[in-house]
Amino acid sequence: SSVLFLPYMGLFREVYLNSYLVGEGLSGFIPSIAALAQGVGGNPECKNVTKDDGSIVVEPVSEEPRFTAQDFFLFLLGMMILSLTAFILLEWLPSSRNERTENGLISERRDSNESISSQIQAKNSPREKEDEANSDNMSVRVMDTSDSHLVLPEAESNNEVALLLVTLGAVCCLANGALPSIQSYSCLPYGNTVYHLAATLNSMANPMM
């Protein structure tokens, strides 16, 4: 779920967020391809069926799918095991732990501390102190004259944030709640094939939206 993995991906550099989003999309796209390959056997057809007592009756007969539901769930189990293995490697592999942002911050702080300490040690002669004082005065003057030209970005108002949250809630409600709940009632009168294609293609198109 994005609620669980997005905070975890915040530990890594921003460049890896695209890979996460691609993988999240493929997690729904690949099972949808397997569901399309499985099929539903088409719509049932009425055929004459002979009973044990010799009577002949007309019953709807559906063809079997290309592979069973057990095979489909075993395929999903394999994907989950592969994802779990990748997560364990991402958590404990030394090369992946080096890509976390906290390590980068620590190294940057060390470099800055070393540079500051070297600058402090280099300040020995009084001439250097006078030059430093003059440079500080000049920098203060430049900052005073330039502060008047700084333009700070305006903070978003509460109304804009509320509008974005309401829009996001409406889109999620339609995509994950309202439309899937009425999909069976709207597609099933057209047959099993139409319902199967609508449900499967919806799962394939959802990661691309």
# chains A, B, ... in the order shown; residues from 1 in each chain; ligands from 1

call {"tool": "residues_around", "arguments": {"residues": "Ala198 of chain A", "least_positions_apart": "3", "cutoff": "12 Å", "atoms": "only C-alpha atoms", "output": "list in words"}}
result
Ser32, Ala35, Leu36, Leu179, Pro180, Ile182, Gln183, Ser184, Tyr185, Ser186, Cys187, Leu188, Tyr190, Gly191, Asn192, Thr193, Val194, Tyr195, Leu201, Asn202, Ser203, Met204, Ala205 and Asn206 of chain A

call {"tool": "residues_around", "arguments": {"residues": "Glu45 of chain A", "least_positions_apart": "3", "cutoff": "7 Å", "atoms": "only C-alpha atoms", "output": "count of residues only"}}
result
3

call {"tool": "residues_around", "arguments": {"residues": "Phe12 of chain A", "least_positions_apart": "4", "cutoff": "8 Å", "atoms": "only C-alpha atoms", "output": "MDAnalysis selection string"}}
result
chainID A and resid 8 16 99:101

call {"tool": "write_last_selection", "arguments": {"atoms": "C-alpha atoms", "output": "mmCIF file, in the first residue's frame"}}
result
data_model
loop_
_atom_site.group_PDB
_atom_site.id
_atom_site.type_symbol
_atom_site.label_atom_id
_atom_site.label_comp_id
_atom_site.auth_asym_id
_atom_site.auth_seq_id
_atom_site.Cartn_x
_atom_site.Cartn_y
_atom_site.Cartn_z
ATOM 1 C CA TYR A 8 9.619 4.210 3.855
ATOM 2 C CA TYR A 16 14.334 6.279 -6.501
ATOM 3 C CA GLU A 99 21.719 5.221 -0.675
ATOM 4 C CA ARG A 100 19.642 6.539 2.211
ATOM 5 C CA THR A 101 19.410 10.262 2.693
#

call {"tool": "residues_around", "arguments": {"residues": "Phe75 of chain A", "least_positions_apart": "4", "cutoff": "12 Å", "atoms": "only C-alpha atoms", "output": "PyMOL selection string"}}
result
chain A and resi 30-35+38+67-71+79-82

call {"tool": "decode", "arguments": {"residues": "segment 165-207 of chain A", "atoms": "N, CA and C atoms", "output": "mmCIF file, in the first residue's frame"}}
result
data_model
loop_
_atom_site.group_PDB
_atom_site.id
_atom_site.type_symbol
_atom_site.label_atom_id
_atom_site.label_comp_id
_atom_site.auth_asym_id
_atom_site.auth_seq_id
_atom_site.Cartn_x
_atom_site.Cartn_y
_atom_site.Cartn_z
ATOM 1 N N LEU A 165 -7.769 18.788 -1.112
ATOM 2 C CA LEU A 165 -8.107 17.586 -0.354
ATOM 3 C C LEU A 165 -9.488 17.066 -0.732
ATOM 4 N N VAL A 166 -10.446 17.956 -0.925
ATOM 5 C CA VAL A 166 -11.789 17.525 -1.326
ATOM 6 C C VAL A 166 -11.766 16.907 -2.720
ATOM 7 N N THR A 167 -11.019 17.513 -3.638
ATOM 8 C CA THR A 167 -10.920 16.949 -4.993
ATOM 9 C C THR A 167 -10.263 15.581 -4.976
ATOM 10 N N LEU A 168 -9.190 15.446 -4.206
ATOM 11 C CA LEU A 168 -8.520 14.147 -4.105
ATOM 12 C C LEU A 168 -9.435 13.102 -3.486
ATOM 13 N N GLY A 169 -10.198 13.487 -2.460
ATOM 14 C CA GLY A 169 -11.131 12.551 -1.844
ATOM 15 C C GLY A 169 -12.230 12.112 -2.805
ATOM 16 N N ALA A 170 -12.736 13.046 -3.628
ATOM 17 C CA ALA A 170 -13.777 12.692 -4.591
ATOM 18 C C ALA A 170 -13.246 11.741 -5.659
ATOM 19 N N VAL A 171 -12.031 11.997 -6.147
ATOM 20 C CA VAL A 171 -11.454 11.122 -7.164
ATOM 21 C C VAL A 171 -11.213 9.719 -6.605
ATOM 22 N N CYS A 172 -10.672 9.630 -5.397
ATOM 23 C CA CYS A 172 -10.435 8.318 -4.786
ATOM 24 C C CYS A 172 -11.747 7.592 -4.490
ATOM 25 N N CYS A 173 -12.769 8.334 -4.107
ATOM 26 C CA CYS A 173 -14.064 7.714 -3.840
ATOM 27 C C CYS A 173 -14.661 7.116 -5.108
ATOM 28 N N LEU A 174 -14.537 7.831 -6.222
ATOM 29 C CA LEU A 174 -15.073 7.317 -7.482
ATOM 30 C C LEU A 174 -14.252 6.141 -8.004
ATOM 31 N N ALA A 175 -12.915 6.273 -7.943
ATOM 32 C CA ALA A 175 -12.052 5.250 -8.529
ATOM 33 C C ALA A 175 -12.012 3.976 -7.708
ATOM 34 N N ASN A 176 -12.074 4.087 -6.372
ATOM 35 C CA ASN A 176 -11.903 2.913 -5.515
ATOM 36 C C ASN A 176 -13.180 2.462 -4.809
ATOM 37 N N GLY A 177 -14.241 3.256 -4.869
ATOM 38 C CA GLY A 177 -15.449 2.898 -4.138
ATOM 39 C C GLY A 177 -16.696 2.825 -4.987
ATOM 40 N N ALA A 178 -17.074 3.946 -5.593
ATOM 41 C CA ALA A 178 -18.363 4.015 -6.284
ATOM 42 C C ALA A 178 -18.370 3.205 -7.579
ATOM 43 N N LEU A 179 -17.402 3.454 -8.452
ATOM 44 C CA LEU A 179 -17.410 2.775 -9.752
ATOM 45 C C LEU A 179 -17.213 1.265 -9.647
ATOM 46 N N PRO A 180 -16.258 0.739 -8.837
ATOM 47 C CA PRO A 180 -16.176 -0.734 -8.729
ATOM 48 C C PRO A 180 -17.414 -1.374 -8.129
ATOM 49 N N SER A 181 -18.142 -0.654 -7.274
ATOM 50 C CA SER A 181 -19.333 -1.257 -6.656
ATOM 51 C C SER A 181 -20.488 -1.431 -7.642
ATOM 52 N N ILE A 182 -20.589 -0.561 -8.641
ATOM 53 C CA ILE A 182 -21.682 -0.675 -9.618
ATOM 54 C C ILE A 182 -21.224 -1.336 -10.912
ATOM 55 N N GLN A 183 -19.939 -1.718 -10.974
ATOM 56 C CA GLN A 183 -19.422 -2.287 -12.215
ATOM 57 C C GLN A 183 -20.069 -3.624 -12.544
ATOM 58 N N SER A 184 -20.283 -4.446 -11.532
ATOM 59 C CA SER A 184 -20.894 -5.756 -11.795
ATOM 60 C C SER A 184 -22.331 -5.620 -12.286
ATOM 61 N N TYR A 185 -23.069 -4.662 -11.738
ATOM 62 C CA TYR A 185 -24.463 -4.476 -12.153
ATOM 63 C C TYR A 185 -24.563 -3.867 -13.554
ATOM 64 N N SER A 186 -23.594 -3.059 -13.946
ATOM 65 C CA SER A 186 -23.651 -2.415 -15.255
ATOM 66 C C SER A 186 -23.105 -3.290 -16.377
ATOM 67 N N CYS A 187 -22.190 -4.211 -16.070
ATOM 68 C CA CYS A 187 -21.548 -5.025 -17.113
ATOM 69 C C CYS A 187 -22.079 -6.441 -17.192
ATOM 70 N N LEU A 188 -22.588 -6.994 -16.101
ATOM 71 C CA LEU A 188 -22.993 -8.398 -16.106
ATOM 72 C C LEU A 188 -24.144 -8.705 -17.065
ATOM 73 N N PRO A 189 -25.108 -7.788 -17.285
ATOM 74 C CA PRO A 189 -26.144 -8.107 -18.289
ATOM 75 C C PRO A 189 -25.608 -8.332 -19.690
ATOM 76 N N TYR A 190 -24.404 -7.861 -19.994
ATOM 77 C CA TYR A 190 -23.820 -8.058 -21.322
ATOM 78 C C TYR A 190 -23.045 -9.365 -21.431
ATOM 79 N N GLY A 191 -22.939 -10.121 -20.349
ATOM 80 C CA GLY A 191 -22.268 -11.412 -20.407
ATOM 81 C C GLY A 191 -20.995 -11.449 -19.582
ATOM 82 N N ASN A 192 -20.506 -12.671 -19.390
ATOM 83 C CA ASN A 192 -19.296 -12.864 -18.595
ATOM 84 C C ASN A 192 -18.059 -12.266 -19.255
ATOM 85 N N THR A 193 -18.013 -12.336 -20.583
ATOM 86 C CA THR A 193 -16.831 -11.846 -21.285
ATOM 87 C C THR A 193 -16.681 -10.343 -21.127
ATOM 88 N N VAL A 194 -17.786 -9.603 -21.274
ATOM 89 C CA VAL A 194 -17.733 -8.145 -21.135
ATOM 90 C C VAL A 194 -17.377 -7.763 -19.696
ATOM 91 N N TYR A 195 -17.974 -8.459 -18.730
ATOM 92 C CA TYR A 195 -17.665 -8.154 -17.329
ATOM 93 C C TYR A 195 -16.205 -8.447 -17.014
ATOM 94 N N HIS A 196 -15.694 -9.558 -17.509
ATOM 95 C CA HIS A 196 -14.303 -9.934 -17.253
ATOM 96 C C HIS A 196 -13.344 -8.922 -17.886
ATOM 97 N N LEU A 197 -13.626 -8.516 -19.124
ATOM 98 C CA LEU A 197 -12.758 -7.541 -19.782
ATOM 99 C C LEU A 197 -12.815 -6.178 -19.085
ATOM 100 N N ALA A 198 -14.013 -5.766 -18.646
ATOM 101 C CA ALA A 198 -14.138 -4.469 -17.974
ATOM 102 C C ALA A 198 -13.378 -4.457 -16.655
ATOM 103 N N ALA A 199 -13.512 -5.523 -15.868
ATOM 104 C CA ALA A 199 -12.827 -5.570 -14.577
ATOM 105 C C ALA A 199 -11.315 -5.668 -14.739
ATOM 106 N N THR A 200 -10.867 -6.455 -15.720
ATOM 107 C CA THR A 200 -9.433 -6.648 -15.912
ATOM 108 C C THR A 200 -8.778 -5.419 -16.524
ATOM 109 N N LEU A 201 -9.404 -4.853 -17.552
ATOM 110 C CA LEU A 201 -8.827 -3.669 -18.183
ATOM 111 C C LEU A 201 -8.838 -2.468 -17.239
ATOM 112 N N ASN A 202 -9.809 -2.421 -16.339
ATOM 113 C CA ASN A 202 -9.808 -1.354 -15.338
ATOM 114 C C ASN A 202 -8.592 -1.464 -14.418
ATOM 115 N N SER A 203 -8.253 -2.682 -14.026
ATOM 116 C CA SER A 203 -7.066 -2.882 -13.180
ATOM 117 C C SER A 203 -5.790 -2.566 -13.938
ATOM 118 N N MET A 204 -5.792 -2.781 -15.264
ATOM 119 C CA MET A 204 -4.599 -2.474 -16.063
ATOM 120 C C MET A 204 -4.451 -0.968 -16.278
ATOM 121 N N ALA A 205 -5.576 -0.273 -16.452
ATOM 122 C CA ALA A 205 -5.510 1.161 -16.724
ATOM 123 C C ALA A 205 -5.340 1.998 -15.462
ATOM 124 N N ASN A 206 -5.682 1.450 -14.302
ATOM 125 C CA ASN A 206 -5.592 2.223 -13.062
ATOM 126 C C ASN A 206 -4.161 2.675 -12.755
ATOM 127 N N PRO A 207 -3.115 1.825 -12.922
ATOM 128 C CA PRO A 207 -1.755 2.326 -12.650
ATOM 129 C C PRO A 207 -1.303 3.411 -13.610
#
